[in-house]
>>> print(open('run.cif').read())   # mmCIF, C-alpha atoms
data_protein
#
loop_
_atom_site.label_atom_id
_atom_site.label_comp_id
_atom_site.auth_asym_id
_atom_site.auth_seq_id
_atom_site.Cartn_x
_atom_site.Cartn_y
_atom_site.Cartn_z
CA VAL A 29 59.44 133.37 110.06
CA SER A 30 57.62 132.03 113.10
CA ILE A 31 57.03 128.29 113.43
CA ARG A 32 54.76 126.41 115.81
CA TYR A 33 55.49 122.67 116.04
CA TYR A 34 52.91 120.13 117.20
CA GLY A 35 54.09 116.62 118.07
CA ASN A 36 51.70 113.68 117.66
CA GLN A 37 49.45 115.74 115.38
CA TRP A 38 49.26 114.88 111.71
CA TRP A 39 47.03 117.60 110.30
CA LYS A 40 46.55 117.28 106.59
CA SER A 41 44.40 120.33 105.81
CA PRO A 42 44.30 124.05 106.65
CA GLN A 43 41.04 123.46 108.52
CA GLN A 44 42.62 120.86 110.81
CA ASN A 45 45.65 123.07 111.39
CA THR A 46 43.76 126.21 112.28
CA THR A 47 41.28 124.38 114.48
CA GLY A 48 44.20 122.83 116.33
CA PHE A 49 45.92 126.19 116.69
CA ALA A 50 42.94 127.55 118.63
CA GLN A 51 43.23 124.77 121.23
CA PRO A 52 45.84 126.16 123.65
CA ASP A 53 45.96 122.93 125.66
CA LEU A 54 47.63 121.07 122.80
CA THR A 55 51.34 120.60 123.44
CA HIS A 56 53.44 122.69 121.10
CA ILE A 57 56.75 124.52 120.82
CA ASP A 58 57.27 127.90 119.18
CA ALA A 59 60.44 128.70 117.25
CA THR A 60 61.76 130.98 114.54
CA ALA A 61 63.76 130.30 111.41
CA VAL A 62 65.39 132.38 108.68
CA TYR A 63 63.70 131.48 105.39
CA PRO A 64 65.11 130.03 103.25
CA ASN A 65 68.34 129.31 105.11
CA ASP A 66 67.54 127.62 108.43
CA ASN A 67 65.62 124.53 109.42
CA VAL A 68 63.63 124.01 106.28
CA ILE A 69 64.98 120.68 105.04
CA TYR A 70 65.21 118.40 108.05
CA ALA A 71 67.80 115.66 108.41
CA THR A 72 65.67 113.80 110.95
CA ASP A 73 61.96 113.61 111.47
CA LYS A 74 61.72 111.52 114.64
CA ASN A 75 60.44 114.63 116.35
CA PRO A 76 59.97 118.23 115.25
CA PRO A 77 63.52 119.60 114.84
CA GLY A 78 65.07 121.58 117.66
CA THR A 79 62.30 120.57 120.05
CA ASN A 80 61.75 118.00 122.76
CA LEU A 81 58.33 117.06 121.42
CA THR A 82 57.99 113.36 120.78
CA ALA A 83 56.28 112.44 117.54
CA ASN A 84 54.84 108.94 117.58
CA GLY A 85 55.23 107.22 114.25
CA ASP A 86 57.08 110.19 112.73
CA ASN A 87 53.84 112.16 112.63
CA TRP A 88 53.96 115.87 113.38
CA SER A 89 52.73 119.16 111.98
CA ASP A 90 53.88 122.75 111.94
CA MET A 91 52.53 126.16 111.01
CA ILE A 92 54.88 128.74 109.48
CA THR A 93 53.62 132.31 109.70
CA GLY A 94 54.79 135.84 109.02
CA GLN A 95 54.76 138.42 106.28
CA VAL A 96 56.42 138.45 102.90
CA ILE A 97 57.88 141.78 101.79
CA LEU A 98 57.20 142.80 98.20
CA SER A 99 59.37 145.53 96.72
CA PRO A 100 58.30 147.65 93.73
CA SER A 101 60.60 145.64 91.47
CA ASP A 102 58.81 142.45 92.51
CA VAL A 103 55.40 143.68 91.40
CA LEU A 104 55.72 146.51 88.85
CA ASN A 105 55.72 145.96 85.13
CA THR A 106 58.46 147.61 83.07
CA ASP A 107 56.03 150.47 82.39
CA GLY A 108 56.45 151.40 86.08
CA VAL A 109 52.69 151.58 86.62
CA THR A 110 50.99 148.24 85.98
CA ILE A 111 51.11 145.68 88.80
CA ASP A 112 52.03 142.24 87.47
CA PRO A 113 50.63 139.06 89.07
CA ILE A 114 52.62 136.86 91.46
CA VAL A 115 52.10 133.11 91.79
CA PHE A 116 53.14 131.48 95.09
CA VAL A 117 54.39 127.91 95.03
CA ASN A 118 54.27 125.39 97.87
CA ASN A 119 57.31 123.18 98.32
CA THR A 120 56.95 120.70 101.19
CA ASP A 121 57.58 117.13 102.26
CA ASP A 122 54.93 115.85 103.05
CA ASP A 123 51.62 117.75 102.71
CA GLY A 124 51.62 121.54 102.53
CA TYR A 125 49.31 124.50 102.03
CA VAL A 126 50.04 128.20 101.48
CA LEU A 127 47.69 131.09 102.25
CA VAL A 128 48.51 134.71 101.34
CA ASP A 129 46.38 137.48 102.86
CA GLY A 130 43.92 134.78 103.88
CA GLN A 131 43.49 133.14 100.48
CA LEU A 132 44.53 129.56 99.78
CA VAL A 133 46.88 129.89 96.81
CA ALA A 134 48.98 126.70 96.69
CA SER A 135 48.73 123.20 98.10
CA ASP A 136 50.14 119.70 97.90
CA PRO A 137 47.57 117.41 99.53
CA GLY A 138 48.95 113.92 99.84
CA GLY A 139 52.38 115.15 98.80
CA HIS A 140 55.42 112.96 99.34
CA GLY A 141 58.93 114.16 98.64
CA GLN A 142 60.10 117.75 98.32
CA GLN A 143 58.37 119.18 95.25
CA ASP A 144 56.88 122.35 93.80
CA ALA A 145 53.09 122.49 93.75
CA PHE A 146 50.43 124.95 92.65
CA LEU A 147 46.90 124.79 94.05
CA GLY A 148 45.87 121.13 94.09
CA GLY A 149 49.37 119.68 93.88
CA THR A 150 52.06 119.23 91.25
CA GLY A 151 50.55 120.10 87.91
CA GLY A 152 47.73 121.94 89.69
CA THR A 153 46.35 125.40 89.08
CA PRO A 154 48.52 128.53 89.42
CA ILE A 155 46.68 131.28 91.33
CA PRO A 156 47.88 134.72 90.14
CA LEU A 157 47.62 137.44 92.80
CA THR A 158 47.78 141.14 92.05
CA LEU A 159 49.49 142.53 95.16
CA ALA A 160 50.79 146.01 95.83
CA ALA A 161 54.32 146.56 97.07
CA GLY A 162 54.48 146.23 100.85
CA ASN A 163 54.01 143.53 103.48
CA HIS A 164 51.55 140.68 103.02
CA ASP A 165 50.52 138.04 105.56
CA PHE A 166 51.20 134.41 104.79
CA VAL A 167 50.73 131.03 106.41
CA GLN A 168 52.30 127.76 105.31
CA PHE A 169 50.92 124.56 106.85
CA HIS A 170 53.14 121.49 106.75
CA SER A 171 52.58 117.93 107.95
CA GLU A 172 55.15 115.18 108.25
CA GLY A 173 54.11 111.53 108.04
CA GLY A 174 57.39 109.62 107.85
CA GLY A 175 60.55 109.77 105.76
CA GLY A 176 62.10 113.10 104.87
CA ALA A 177 60.65 116.43 105.92
CA GLY A 178 60.88 120.03 104.80
CA HIS A 179 59.11 123.23 103.84
CA ILE A 180 60.13 126.05 101.50
CA LEU A 181 58.11 128.93 100.05
CA ARG A 182 58.68 129.79 96.39
CA TRP A 183 57.17 132.10 93.79
CA ILE A 184 56.91 133.21 90.15
CA LEU A 185 57.16 136.97 89.64
CA HIS A 186 55.55 138.94 86.77
CA TYR A 187 53.38 135.94 85.95
CA GLY A 188 51.97 135.90 82.42
CA THR A 189 54.14 138.74 81.17
CA ALA A 190 57.30 138.97 79.09
CA GLN A 191 59.23 139.44 82.36
CA GLN A 192 57.91 136.24 83.96
CA THR A 193 60.54 134.53 86.11
CA ALA A 194 61.11 130.85 86.69
CA ILE A 195 59.98 129.26 89.97
CA THR A 196 62.50 130.51 92.51
CA THR A 197 62.87 130.28 96.27
CA ILE A 198 61.85 133.54 97.93
CA PRO A 199 65.13 135.17 99.01
CA ALA A 200 66.33 135.73 102.54
CA GLY A 201 65.43 139.18 103.79
CA LYS A 202 61.95 139.00 102.26
CA PHE A 203 60.25 137.76 105.44
CA LEU A 204 59.03 139.11 108.78
CA THR A 205 58.23 136.90 111.78
CA THR A 206 54.93 138.56 112.69
CA MET A 207 51.55 138.79 111.01
CA SER A 208 49.19 141.74 111.17
CA THR A 209 46.55 141.63 113.92
CA PRO A 210 43.30 140.25 112.48
CA ALA A 211 40.57 142.77 111.81
CA ALA A 212 37.45 142.33 113.94
CA VAL A 213 34.42 140.63 112.44
CA THR A 214 31.32 142.76 111.81
CA GLY A 215 27.59 142.25 111.49
CA LEU A 216 27.38 139.61 114.24
CA THR A 217 23.83 138.38 114.72
CA ALA A 218 22.38 135.52 116.79
CA VAL A 219 18.94 134.04 116.17
CA GLY A 220 17.45 131.24 118.23
CA ALA A 221 14.49 129.87 120.11
CA VAL A 222 13.90 127.73 123.18
CA GLY A 223 15.22 124.24 122.54
CA THR A 224 16.73 124.94 119.11
CA GLY A 225 20.02 126.62 119.98
CA ALA A 226 21.30 129.79 118.37
CA VAL A 227 22.56 130.42 114.83
CA LEU A 228 25.28 133.07 114.56
CA ASN A 229 26.26 134.92 111.39
CA TRP A 230 29.02 137.45 110.79
CA THR A 231 31.34 138.89 108.14
CA ASP A 232 35.03 138.01 108.08
CA ASN A 233 37.03 141.20 107.51
CA SER A 234 40.53 139.80 107.96
CA GLY A 235 43.12 138.12 105.80
CA SER A 236 45.38 137.18 108.71
CA GLU A 237 43.25 135.19 111.14
CA LEU A 238 44.18 131.60 111.93
CA ALA A 239 40.92 130.77 113.69
CA PHE A 240 37.71 132.16 115.16
CA GLN A 241 36.65 131.53 118.74
CA ILE A 242 32.97 131.89 119.57
CA GLN A 243 32.14 132.85 123.15
CA ARG A 244 28.84 133.06 125.02
CA SER A 245 28.02 134.90 128.24
CA THR A 246 25.05 135.79 130.41
CA SER A 247 26.67 139.18 130.95
CA PRO A 248 26.51 141.94 128.31
CA THR A 249 30.00 143.00 129.38
CA PHE A 250 31.31 139.40 129.39
CA ALA A 251 32.21 139.70 133.06
CA ALA A 252 34.80 137.32 134.47
CA GLY A 253 33.33 133.95 135.38
CA THR A 254 30.45 134.22 132.91
CA VAL A 255 32.28 133.51 129.64
CA LEU A 256 32.15 130.13 127.92
CA THR A 257 33.95 129.30 124.68
CA VAL A 258 31.34 127.34 122.76
CA GLY A 259 33.22 126.66 119.56
CA THR A 260 36.17 127.22 117.27
CA LEU A 261 36.08 127.64 113.51
CA PRO A 262 39.09 127.42 111.22
CA ALA A 263 40.15 130.45 109.24
CA ASN A 264 38.18 131.22 106.12
CA ASP A 265 40.49 130.37 103.21
CA ALA A 266 38.10 130.76 100.29
CA THR A 267 38.46 134.52 99.88
CA GLN A 268 40.69 137.18 101.34
CA THR A 269 37.99 139.21 103.13
CA GLY A 270 34.27 139.82 103.15
CA ALA A 271 33.13 136.20 103.48
CA ALA A 272 29.91 135.33 105.33
CA MET A 273 30.55 133.00 108.27
CA THR A 274 28.08 130.99 110.35
CA PHE A 275 28.10 128.89 113.53
CA THR A 276 25.38 127.05 115.43
CA ASP A 277 25.51 126.95 119.22
CA GLY A 278 23.41 123.90 119.98
CA GLY A 279 24.16 124.20 123.70
CA ASN A 280 22.10 127.36 124.17
CA SER A 281 18.77 126.35 125.71
CA GLY A 282 17.24 129.76 125.06
CA LEU A 283 15.87 129.93 128.60
CA GLN A 284 17.81 133.06 129.55
CA ALA A 285 19.29 136.10 127.87
CA THR A 286 22.72 135.35 126.42
CA TYR A 287 25.33 137.37 124.56
CA TYR A 288 27.88 136.35 121.97
CA ARG A 289 31.19 137.59 120.69
CA VAL A 290 33.54 136.28 118.00
CA ILE A 291 37.32 136.58 118.36
CA ALA A 292 39.54 136.50 115.27
CA LEU A 293 43.04 135.46 116.29
CA ASN A 294 46.49 134.47 115.12
CA PHE A 295 49.94 134.06 116.74
CA ASP A 296 50.42 137.80 117.11
CA GLY A 297 47.12 139.15 118.34
CA SER A 298 43.33 139.04 118.27
CA SER A 299 40.33 141.28 117.67
CA THR A 300 36.90 140.91 119.24
CA SER A 301 33.55 141.72 117.66
#
>>> encode(input="run.cif", output="structure tokens")
Amino acid sequence: VSIRYYGNQWWKSPQQNTTGFAQPDLTHIDATAVYPNDNVIYATDKNPPGTNLTANGDNWSDMITGQVILSPSDVLNTDGVTIDPIVFVNNTDDDGYVLVDGQLVASDPGGHGQQDAFLGGTGGTPIPLTLAAGNHDFVQFHSEGGGGAGHILRWILHYGTAQQTAITTIPAGKFLTTMSTPAAVTGLTAVGAVGTGAVLNWTDNSGSELAFQIQRSTSPTFAAGTVLTVGTLPANDATQTGAAMTFTDGGNSGLQATYYRVIALNFDGSSTS
């Protein structure tokens, strides 16, 4: 898996994490680890492990990204046709959140100590996903606020069936370090008037974006020197795809023609509307 460590940042929600990701000036270090074998339960938390980032007060955050590989035996019922649900389980110390194909499926807000958690924390709500065999994007957000630290991704296979497994750690060899490139947004519109700014609307078509950057230009081709990034939105985590998104650019005076584009991005690529 790929890991991006941020020292001196204690982000306790997916929205804070993804907004921070889209700020390239924030100091960070990129690394990789072999889930579940390497660097997931940390012996020290004075700074993000294996980095030279200083973390004041033991506060730091990281984002673990990649794809999880589902084989036919992971998803197919014994009839060989029906796809059985999978439930993903967050296991972090401290706070943690798991998104699969863009959907928030497990979380431990305010978590302390290494523990299994469904959506909403220990004793929360399992979110069954019906996923075909193949590769699926995932993100695990983790924040460390003192004491021990760690992050593991776990699951329950064949959820709700006679073949349902116990909560188990996803085995080594089931992960890739890269995510799929986010699909471009569609249906971008901008409506405004002099003195009121501009309201943008678009449709999110991706399950792998980590953030959206909104850019404005006086050039229809977004020529060099004319482009201004006017905002960043965190990834949509309510649904996998098809969500309506909106942003207000209050800095647009409306006194001259302007053009907008929205960039969906993650660690491994971006797509522009």
>>> resolve_selection(input="run.cif", expression="the PyMOL selection byres ((chain A and resi 271) around 6)", output="ChimeraX atom specification")
/A:231-232,269-270,272
>>> residues_around(input="run.cif", residues="region 172-184 of chain A", least_positions_apart="4", cutoff="7 Å", atoms="all atoms listed in the file", output="PyMOL selection string")
chain A and resi 38+64+68-70+73+86-89+114-122+142+192-198
>>> closest_atom_pairs(input="run.cif", of="region 96-130 of chain A", to="region 151-166 of chain A", cutoff="10 Å", atoms="only C-alpha atoms", output="JSON lines")
{"residue": "A:Val96", "atom": "CA", "partner": "A:His164", "partner_atom": "CA", "distance": 5.4}
{"residue": "A:Ile97", "atom": "CA", "partner": "A:Asn163", "partner_atom": "CA", "distance": 4.6}
{"residue": "A:Leu98", "atom": "CA", "partner": "A:Ala161", "partner_atom": "CA", "distance": 4.9}
{"residue": "A:Ser99", "atom": "CA", "partner": "A:Ala161", "partner_atom": "CA", "distance": 5.2}
{"residue": "A:Pro100", "atom": "CA", "partner": "A:Ala161", "partner_atom": "CA", "distance": 5.3}
{"residue": "A:Ser101", "atom": "CA", "partner": "A:Ala161", "partner_atom": "CA", "distance": 8.5}
{"residue": "A:Asp102", "atom": "CA", "partner": "A:Ala161", "partner_atom": "CA", "distance": 7.6}
{"residue": "A:Val103", "atom": "CA", "partner": "A:Ala161", "partner_atom": "CA", "distance": 6.5}
{"residue": "A:Leu104", "atom": "CA", "partner": "A:Ala161", "partner_atom": "CA", "distance": 8.3}
{"residue": "A:Thr110", "atom": "CA", "partner": "A:Thr158", "partner_atom": "CA", "distance": 9.9}
{"residue": "A:Ile111", "atom": "CA", "partner": "A:Thr158", "partner_atom": "CA", "distance": 6.5}
{"residue": "A:Asp112", "atom": "CA", "partner": "A:Thr158", "partner_atom": "CA", "distance": 6.3}
{"residue": "A:Pro113", "atom": "CA", "partner": "A:Thr158", "partner_atom": "CA", "distance": 4.6}
{"residue": "A:Ile114", "atom": "CA", "partner": "A:Leu157", "partner_atom": "CA", "distance": 5.2}
{"residue": "A:Val115", "atom": "CA", "partner": "A:Pro156", "partner_atom": "CA", "distance": 4.8}
{"residue": "A:Phe116", "atom": "CA", "partner": "A:Ile155", "partner_atom": "CA", "distance": 7.5}
{"residue": "A:Val117", "atom": "CA", "partner": "A:Pro154", "partner_atom": "CA", "distance": 8.1}
{"residue": "A:Val126", "atom": "CA", "partner": "A:Phe166", "partner_atom": "CA", "distance": 7.1}
{"residue": "A:Leu127", "atom": "CA", "partner": "A:Phe166", "partner_atom": "CA", "distance": 5.5}
{"residue": "A:Val128", "atom": "CA", "partner": "A:Phe166", "partner_atom": "CA", "distance": 4.4}
{"residue": "A:Asp129", "atom": "CA", "partner": "A:Asp165", "partner_atom": "CA", "distance": 5.0}
{"residue": "A:Gly130", "atom": "CA", "partner": "A:Phe166", "partner_atom": "CA", "distance": 7.3}
>>> resolve_selection(input="run.cif", expression="the PyMOL selection byres ((chain A and resi 243-257) around 7)", output="VMD selection string")
chain A and resid 241 to 242 258 to 259 285 to 290
>>> closest_residue(input="run.cif", among="A:Ser41, A:Asn233, A:Thr274, A:Ser299", to="Gly148 (chain A)", atoms="only C-alpha atoms")
A:Ser41
>>> resolve_selection(input="run.cif", expression="the PyMOL selection byres ((chain A and resi 206-215) around 9)", output="MDAnalysis selection string")
chainID A and resid 29:30 93:95 164:166 204:205 216:217 229:238 290:301
>>> atom_distance(input="run.cif", atom1="CA of Gln37 (chain A)", atom2="CA of Thr276 (chain A)")
26.6 Å
>>> atom_distance(input="run.cif", atom1="CA of Gly149 (chain A)", atom2="CA of Met273 (chain A)")
27.2 Å
>>> atom_distance(input="run.cif", atom1="CA of Tyr63 (chain A)", atom2="CA of Gln44 (chain A)")
24.2 Å
>>> closest_residue(input="run.cif", among="A:Asp136, A:Asp58, A:Asp90, A:Asp53", to="Trp39 (chain A)", atoms="all atoms listed in the file")
A:Asp90
>>> residues_around(input="run.cif", residues="Gly220 (chain A)", least_positions_apart="5", cutoff="10 Å", atoms="all atoms listed in the file", output="list in words")
Gly225, Ala226, Val227, Leu228, Thr276, Asp277, Gly278, Asn280, Ser281 and Gly282 of chain A
>>> axis_aligned_box(input="run.cif", around="region 39-51 of chain A", padding_each_side="3 Å", output="AutoDock Vina command-line options")
--center_x 44.0 --center_y 122.4 --center_z 113.5 --size_x 12.0 --size_y 16.3 --size_z 21.4
>>> closest_residue(input="run.cif", among="A:Thr55, A:Gly48, A:Ala239, A:Phe146", to="Gly35 (chain A)", atoms="only C-alpha atoms")
A:Thr55
>>> closest_residue(input="run.cif", among="A:Ile31, A:Val62, A:Asp107, A:Phe49", to="Pro199 (chain A)", atoms="all atoms listed in the file")
A:Val62
>>> closest_residue(input="run.cif", among="A:Thr260, A:Asn45, A:Lys40, A:Phe203", to="Ser135 (chain A)", atoms="all atoms listed in the file")
A:Lys40
>>> closest_residue(input="run.cif", among="A:His170, A:Gln131, A:Gln51, A:Gly124", to="Tyr33 (chain A)", atoms="all atoms listed in the file")
A:His170
